[in-house]
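Shown next: coords-v5.pdb, given as PDB, C-alpha atoms.
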ATOM      1  CA  MET H 235      -5.557  -0.173  15.418  1.00  0.00           C
ATOM      2  CA  LEU H 236      -6.262  -2.885  12.907  1.00  0.00           C
ATOM      3  CA  TRP H 237      -3.042  -2.098  10.998  1.00  0.00           C
ATOM      4  CA  GLU H 238      -0.891  -3.223  13.931  1.00  0.00           C
ATOM      5  CA  GLN H 239      -2.894  -6.411  14.375  1.00  0.00           C
ATOM      6  CA  ALA H 240      -2.746  -7.218  10.663  1.00  0.00           C
ATOM      7  CA  ASP H 241       0.969  -6.419  10.488  1.00  0.00           C
ATOM      8  CA  SER H 242       1.642  -8.634  13.490  1.00  0.00           C
ATOM      9  CA  ALA H 243      -0.370 -11.446  11.909  1.00  0.00           C
ATOM     10  CA  SER H 244       1.642 -11.023   8.691  1.00  0.00           C
ATOM     11  CA  GLY H 245       4.892 -11.408  10.603  1.00  0.00           C
ATOM     12  CA  GLY H 246       5.827  -7.801   9.865  1.00  0.00           C
ATOM     13  CA  VAL H 247       5.512  -8.202   6.105  1.00  0.00           C
ATOM     14  CA  TYR H 248       3.194  -5.195   5.772  1.00  0.00           C
ATOM     15  CA  SER H 249       5.523  -2.856   7.668  1.00  0.00           C
ATOM     16  CA  GLY H 250       8.454  -4.194   5.628  1.00  0.00           C
ATOM     17  CA  HIS H 251       6.596  -3.271   2.444  1.00  0.00           C
ATOM     18  CA  LEU H 252       5.693   0.124   3.905  1.00  0.00           C
ATOM     19  CA  ASN H 253       9.316   0.915   4.799  1.00  0.00           C
ATOM     20  CA  ALA H 254      10.626  -0.157   1.392  1.00  0.00           C
ATOM     21  CA  ILE H 255       8.026   1.936  -0.426  1.00  0.00           C
ATOM     22  CA  ALA H 256       8.652   4.932   1.871  1.00  0.00           C
ATOM     23  CA  ARG H 257      12.381   4.844   1.098  1.00  0.00           C
ATOM     24  CA  ARG H 258      11.728   4.687  -2.635  1.00  0.00           C
ATOM     25  CA  TYR H 259       8.789   7.125  -2.759  1.00  0.00           C
ATOM     26  CA  PRO H 260       9.054   9.698   0.051  1.00  0.00           C
ATOM     27  CA  GLN H 261       6.474  11.869  -1.703  1.00  0.00           C
ATOM     28  CA  LEU H 262       3.667   9.535  -0.609  1.00  0.00           C
ATOM     29  CA  SER H 263       1.588  10.517   2.403  1.00  0.00           C
ATOM     30  CA  SER H 264       1.313   8.247   5.424  1.00  0.00           C
ATOM     31  CA  ILE H 265      -2.065   6.872   4.383  1.00  0.00           C
ATOM     32  CA  GLU H 266      -0.847   6.349   0.808  1.00  0.00           C
ATOM     33  CA  LEU H 267       2.129   4.385   2.155  1.00  0.00           C
ATOM     34  CA  HIS H 268      -0.180   2.163   4.179  1.00  0.00           C
ATOM     35  CA  VAL H 269      -2.444   1.603   1.169  1.00  0.00           C
ATOM     36  CA  ALA H 270       0.544   0.890  -1.093  1.00  0.00           C
ATOM     37  CA  ALA H 271       1.986  -1.602   1.400  1.00  0.00           C
ATOM     38  CA  LEU H 272      -1.289  -3.498   1.513  1.00  0.00           C
ATOM     39  CA  VAL H 273      -1.670  -3.333  -2.276  1.00  0.00           C
ATOM     40  CA  LYS H 274       1.840  -4.792  -2.587  1.00  0.00           C
ATOM     41  CA  ALA H 275       0.678  -7.598  -0.262  1.00  0.00           C
ATOM     42  CA  MET H 276      -2.082  -8.212  -2.830  1.00  0.00           C
ATOM     43  CA  LEU H 277      -4.993  -7.387  -0.560  1.00  0.00           C
ATOM     44  CA  PRO H 278      -8.197  -6.293  -2.318  1.00  0.00           C
ATOM     45  CA  SER H 279      -9.466  -2.756  -1.841  1.00  0.00           C
ATOM     46  CA  TRP H 280     -12.371  -3.827   0.373  1.00  0.00           C
ATOM     47  CA  GLN H 281      -9.985  -5.546   2.788  1.00  0.00           C
ATOM     48  CA  ILE H 282      -7.571  -2.593   2.774  1.00  0.00           C
ATOM     49  CA  ALA H 283     -10.533  -0.356   3.615  1.00  0.00           C
ATOM     50  CA  GLN H 284     -11.455  -2.534   6.595  1.00  0.00           C
ATOM     51  CA  LEU H 285      -7.882  -2.634   7.918  1.00  0.00           C
ATOM     52  CA  LEU H 286      -7.430   1.128   7.644  1.00  0.00           C
ATOM     53  CA  GLY H 287     -10.923   2.127   8.747  1.00  0.00           C
ATOM     54  CA  ILE H 288     -11.732   3.956   5.513  1.00  0.00           C
ATOM     55  CA  THR H 289     -14.178   3.339   2.680  1.00  0.00           C
ATOM     56  CA  GLU H 290     -13.398   1.241  -0.363  1.00  0.00           C
ATOM     57  CA  LYS H 291     -13.929   4.339  -2.525  1.00  0.00           C
ATOM     58  CA  THR H 292     -11.277   6.178  -0.505  1.00  0.00           C
ATOM     59  CA  VAL H 293      -8.873   3.272  -1.073  1.00  0.00           C
ATOM     60  CA  GLU H 294      -9.542   3.483  -4.819  1.00  0.00           C
ATOM     61  CA  ASN H 295      -8.876   7.241  -4.741  1.00  0.00           C
ATOM     62  CA  HIS H 296      -5.591   6.651  -2.903  1.00  0.00           C
ATOM     63  CA  ARG H 297      -4.599   4.022  -5.470  1.00  0.00           C
ATOM     64  CA  ILE H 298      -5.134   6.601  -8.231  1.00  0.00           C
ATOM     65  CA  ASP H 299      -3.068   9.198  -6.352  1.00  0.00           C
ATOM     66  CA  ILE H 300      -0.310   6.658  -5.672  1.00  0.00           C
ATOM     67  CA  ARG H 301      -0.109   5.716  -9.363  1.00  0.00           C
ATOM     68  CA  ARG H 302       0.179   9.373 -10.317  1.00  0.00           C
ATOM     69  CA  LYS H 303       2.813  10.194  -7.704  1.00  0.00           C
ATOM     70  CA  ILE H 304       5.071   7.217  -8.473  1.00  0.00           C
ATOM     71  CA  GLY H 305       4.641   7.299 -12.243  1.00  0.00           C
ATOM     72  CA  CYS H 306       2.782   4.012 -12.608  1.00  0.00           C
ATOM     73  CA  ASP H 307       0.570   3.935 -15.673  1.00  0.00           C
ATOM     74  CA  GLY H 308      -0.269   0.245 -15.450  1.00  0.00           C
ATOM     75  CA  ASN H 309      -1.149  -2.300 -12.800  1.00  0.00           C
ATOM     76  CA  LEU H 310      -0.183  -0.973  -9.375  1.00  0.00           C
ATOM     77  CA  VAL H 311       0.245  -4.428  -7.810  1.00  0.00           C
ATOM     78  CA  SER H 312       2.698  -5.509 -10.522  1.00  0.00           C
ATOM     79  CA  PHE H 313       4.557  -2.210 -10.308  1.00  0.00           C
ATOM     80  CA  LEU H 314       4.981  -2.475  -6.539  1.00  0.00           C
ATOM     81  CA  GLN H 315       5.918  -6.154  -6.725  1.00  0.00           C
ATOM     82  CA  LYS H 316       8.881  -5.214  -8.947  1.00  0.00           C
ATOM     83  CA  LEU H 317      10.340  -2.971  -6.243  1.00  0.00           C
ATOM     84  CA  ASN H 318      12.062  -5.999  -4.718  1.00  0.00           C
ATOM     85  CA  GLU H 319      13.713  -6.755  -8.043  1.00  0.00           C
ATOM     86  CA  GLN H 320      15.339  -3.348  -8.412  1.00  0.00           C
TER      87      GLN H 320
END
This entry written out as structure tokens:
Amino acid sequence: MLWEQADSASGGVYSGHLNAIARRYPQLSSIELHVAALVKAMLPSWQIAQLLGITEKTVENHRIDIRRKIGCDGNLVSFLQKLNEQ
């Protein structure tokens, strides 16, 4: 799967983000966690779509669902970036 290759190339950064987000927001589905981890890594939606084998529109829909589930009413990247600060 492309996720494993990308995570390996990132030195495990993506899976580190995924695990941190999963601990903080267990209500997110598996695919939402993967999307959120890649959003936190500041990848654009088109690249997230390629890595996860989904469409860019599906990524955008997941981003909306993630915002709703975690209570983010602003920029999702900024919100997720602040997780390390808390």
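Residues in contact with H:His251 at 10 Å, where only C-alpha atoms are counted and same-chain residues fewer than 3 positions away are skipped, are listed as Gly246, Val247, Tyr248, Ala254, Ile255, Ala256, Leu267, His268, Ala270, Ala271, Leu272, Val273, Lys274, Ala275, Leu314, Gln315, Leu317 and Asn318 of chain H.
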Separating atom CA of H:Cys306 from atom CA of H:Ala243, to the nearest tenth of an Å, is a gap of 29.2 Å
Original post:
What residues come out when you apply the PyMOL selection byres ((chain H and resi 238) around 12) to this file, written as a PyMOL selection string?
Top reply: chain H and resi 235-237+239-249+268+285-286
List as a PyMOL selection string the residues having at least one atom at most 8 Å from position (3.1, 4.4, -6.8) as given in the file, counting only C-alpha atoms.
chain H and resi 259+270+297+299-306+310+313-314
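Atom to atom, atom CA of H:Val293 and atom CA of H:Val269 stand 7.0 Å apart.
If all atoms listed in the file are the atoms counted, then among H:His296, H:Met276, H:Glu290, H:Ile282 the closest residue to H:Ser263 is H:His296.
The space between atom CA of H:Ser279 and atom CA of H:Asn295 spans 10.4 Å.
Among the candidates H:Pro278, H:Thr292, H:Glu266, H:Ala283, the one nearest to H:Val311 when counting only C-alpha atoms is H:Pro278.
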Complete the atom set of stretch 291-318 of chain H to N, CA and C atoms and return it as a PDB file, keeping the file's coordinate frame.
ATOM      1  N   LYS H 291     -14.078   3.245  -1.564  1.00  0.00           N
ATOM      2  CA  LYS H 291     -13.929   4.339  -2.525  1.00  0.00           C
ATOM      3  C   LYS H 291     -12.698   5.180  -2.202  1.00  0.00           C
ATOM      4  N   THR H 292     -12.458   5.426  -0.915  1.00  0.00           N
ATOM      5  CA  THR H 292     -11.277   6.178  -0.505  1.00  0.00           C
ATOM      6  C   THR H 292     -10.006   5.411  -0.865  1.00  0.00           C
ATOM      7  N   VAL H 293     -10.021   4.098  -0.673  1.00  0.00           N
ATOM      8  CA  VAL H 293      -8.873   3.272  -1.073  1.00  0.00           C
ATOM      9  C   VAL H 293      -8.629   3.419  -2.570  1.00  0.00           C
ATOM     10  N   GLU H 294      -9.690   3.348  -3.366  1.00  0.00           N
ATOM     11  CA  GLU H 294      -9.542   3.483  -4.819  1.00  0.00           C
ATOM     12  C   GLU H 294      -8.975   4.852  -5.189  1.00  0.00           C
ATOM     13  N   ASN H 295      -9.416   5.896  -4.490  1.00  0.00           N
ATOM     14  CA  ASN H 295      -8.876   7.241  -4.741  1.00  0.00           C
ATOM     15  C   ASN H 295      -7.391   7.305  -4.389  1.00  0.00           C
ATOM     16  N   HIS H 296      -7.007   6.683  -3.279  1.00  0.00           N
ATOM     17  CA  HIS H 296      -5.591   6.651  -2.903  1.00  0.00           C
ATOM     18  C   HIS H 296      -4.770   5.879  -3.941  1.00  0.00           C
ATOM     19  N   ARG H 297      -5.317   4.799  -4.448  1.00  0.00           N
ATOM     20  CA  ARG H 297      -4.599   4.022  -5.470  1.00  0.00           C
ATOM     21  C   ARG H 297      -4.329   4.888  -6.708  1.00  0.00           C
ATOM     22  N   ILE H 298      -5.304   5.694  -7.091  1.00  0.00           N
ATOM     23  CA  ILE H 298      -5.134   6.601  -8.231  1.00  0.00           C
ATOM     24  C   ILE H 298      -4.036   7.618  -7.933  1.00  0.00           C
ATOM     25  N   ASP H 299      -4.077   8.206  -6.743  1.00  0.00           N
ATOM     26  CA  ASP H 299      -3.068   9.198  -6.352  1.00  0.00           C
ATOM     27  C   ASP H 299      -1.674   8.566  -6.280  1.00  0.00           C
ATOM     28  N   ILE H 300      -1.599   7.352  -5.760  1.00  0.00           N
ATOM     29  CA  ILE H 300      -0.310   6.658  -5.672  1.00  0.00           C
ATOM     30  C   ILE H 300       0.253   6.435  -7.067  1.00  0.00           C
ATOM     31  N   ARG H 301      -0.563   5.935  -7.979  1.00  0.00           N
ATOM     32  CA  ARG H 301      -0.109   5.716  -9.363  1.00  0.00           C
ATOM     33  C   ARG H 301       0.462   7.004  -9.952  1.00  0.00           C
ATOM     34  N   ARG H 302      -0.256   8.087  -9.760  1.00  0.00           N
ATOM     35  CA  ARG H 302       0.179   9.373 -10.317  1.00  0.00           C
ATOM     36  C   ARG H 302       1.505   9.804  -9.700  1.00  0.00           C
ATOM     37  N   LYS H 303       1.614   9.715  -8.393  1.00  0.00           N
ATOM     38  CA  LYS H 303       2.813  10.194  -7.704  1.00  0.00           C
ATOM     39  C   LYS H 303       4.055   9.360  -7.998  1.00  0.00           C
ATOM     40  N   ILE H 304       3.891   8.058  -8.245  1.00  0.00           N
ATOM     41  CA  ILE H 304       5.071   7.217  -8.473  1.00  0.00           C
ATOM     42  C   ILE H 304       5.307   6.922  -9.956  1.00  0.00           C
ATOM     43  N   GLY H 305       4.444   7.466 -10.806  1.00  0.00           N
ATOM     44  CA  GLY H 305       4.641   7.299 -12.243  1.00  0.00           C
ATOM     45  C   GLY H 305       4.263   5.928 -12.769  1.00  0.00           C
ATOM     46  N   CYS H 306       3.248   5.334 -12.182  1.00  0.00           N
ATOM     47  CA  CYS H 306       2.782   4.012 -12.608  1.00  0.00           C
ATOM     48  C   CYS H 306       1.571   4.198 -13.509  1.00  0.00           C
ATOM     49  N   ASP H 307       1.708   3.793 -14.762  1.00  0.00           N
ATOM     50  CA  ASP H 307       0.570   3.935 -15.673  1.00  0.00           C
ATOM     51  C   ASP H 307      -0.079   2.590 -15.990  1.00  0.00           C
ATOM     52  N   GLY H 308       0.301   1.571 -15.252  1.00  0.00           N
ATOM     53  CA  GLY H 308      -0.269   0.245 -15.450  1.00  0.00           C
ATOM     54  C   GLY H 308      -0.825  -0.308 -14.152  1.00  0.00           C
ATOM     55  N   ASN H 309      -0.648  -1.605 -13.979  1.00  0.00           N
ATOM     56  CA  ASN H 309      -1.149  -2.300 -12.800  1.00  0.00           C
ATOM     57  C   ASN H 309      -0.296  -1.962 -11.582  1.00  0.00           C
ATOM     58  N   LEU H 310      -0.912  -1.415 -10.563  1.00  0.00           N
ATOM     59  CA  LEU H 310      -0.183  -0.973  -9.375  1.00  0.00           C
ATOM     60  C   LEU H 310       0.434  -2.149  -8.620  1.00  0.00           C
ATOM     61  N   VAL H 311      -0.284  -3.259  -8.523  1.00  0.00           N
ATOM     62  CA  VAL H 311       0.245  -4.428  -7.810  1.00  0.00           C
ATOM     63  C   VAL H 311       1.538  -4.896  -8.477  1.00  0.00           C
ATOM     64  N   SER H 312       1.506  -5.057  -9.787  1.00  0.00           N
ATOM     65  CA  SER H 312       2.698  -5.509 -10.522  1.00  0.00           C
ATOM     66  C   SER H 312       3.842  -4.522 -10.365  1.00  0.00           C
ATOM     67  N   PHE H 313       3.533  -3.246 -10.441  1.00  0.00           N
ATOM     68  CA  PHE H 313       4.557  -2.210 -10.308  1.00  0.00           C
ATOM     69  C   PHE H 313       5.230  -2.297  -8.944  1.00  0.00           C
ATOM     70  N   LEU H 314       4.440  -2.414  -7.896  1.00  0.00           N
ATOM     71  CA  LEU H 314       4.981  -2.475  -6.539  1.00  0.00           C
ATOM     72  C   LEU H 314       5.720  -3.788  -6.293  1.00  0.00           C
ATOM     73  N   GLN H 315       5.251  -4.869  -6.887  1.00  0.00           N
ATOM     74  CA  GLN H 315       5.918  -6.154  -6.725  1.00  0.00           C
ATOM     75  C   GLN H 315       7.357  -6.098  -7.285  1.00  0.00           C
ATOM     76  N   LYS H 316       7.558  -5.319  -8.315  1.00  0.00           N
ATOM     77  CA  LYS H 316       8.881  -5.214  -8.947  1.00  0.00           C
ATOM     78  C   LYS H 316       9.882  -4.427  -8.124  1.00  0.00           C
ATOM     79  N   LEU H 317       9.426  -3.745  -7.080  1.00  0.00           N
ATOM     80  CA  LEU H 317      10.340  -2.971  -6.243  1.00  0.00           C
ATOM     81  C   LEU H 317      11.427  -3.867  -5.635  1.00  0.00           C
ATOM     82  N   ASN H 318      11.084  -5.078  -5.294  1.00  0.00           N
ATOM     83  CA  ASN H 318      12.062  -5.999  -4.718  1.00  0.00           C
ATOM     84  C   ASN H 318      13.123  -6.410  -5.723  1.00  0.00           C
TER      85      ASN H 318
END
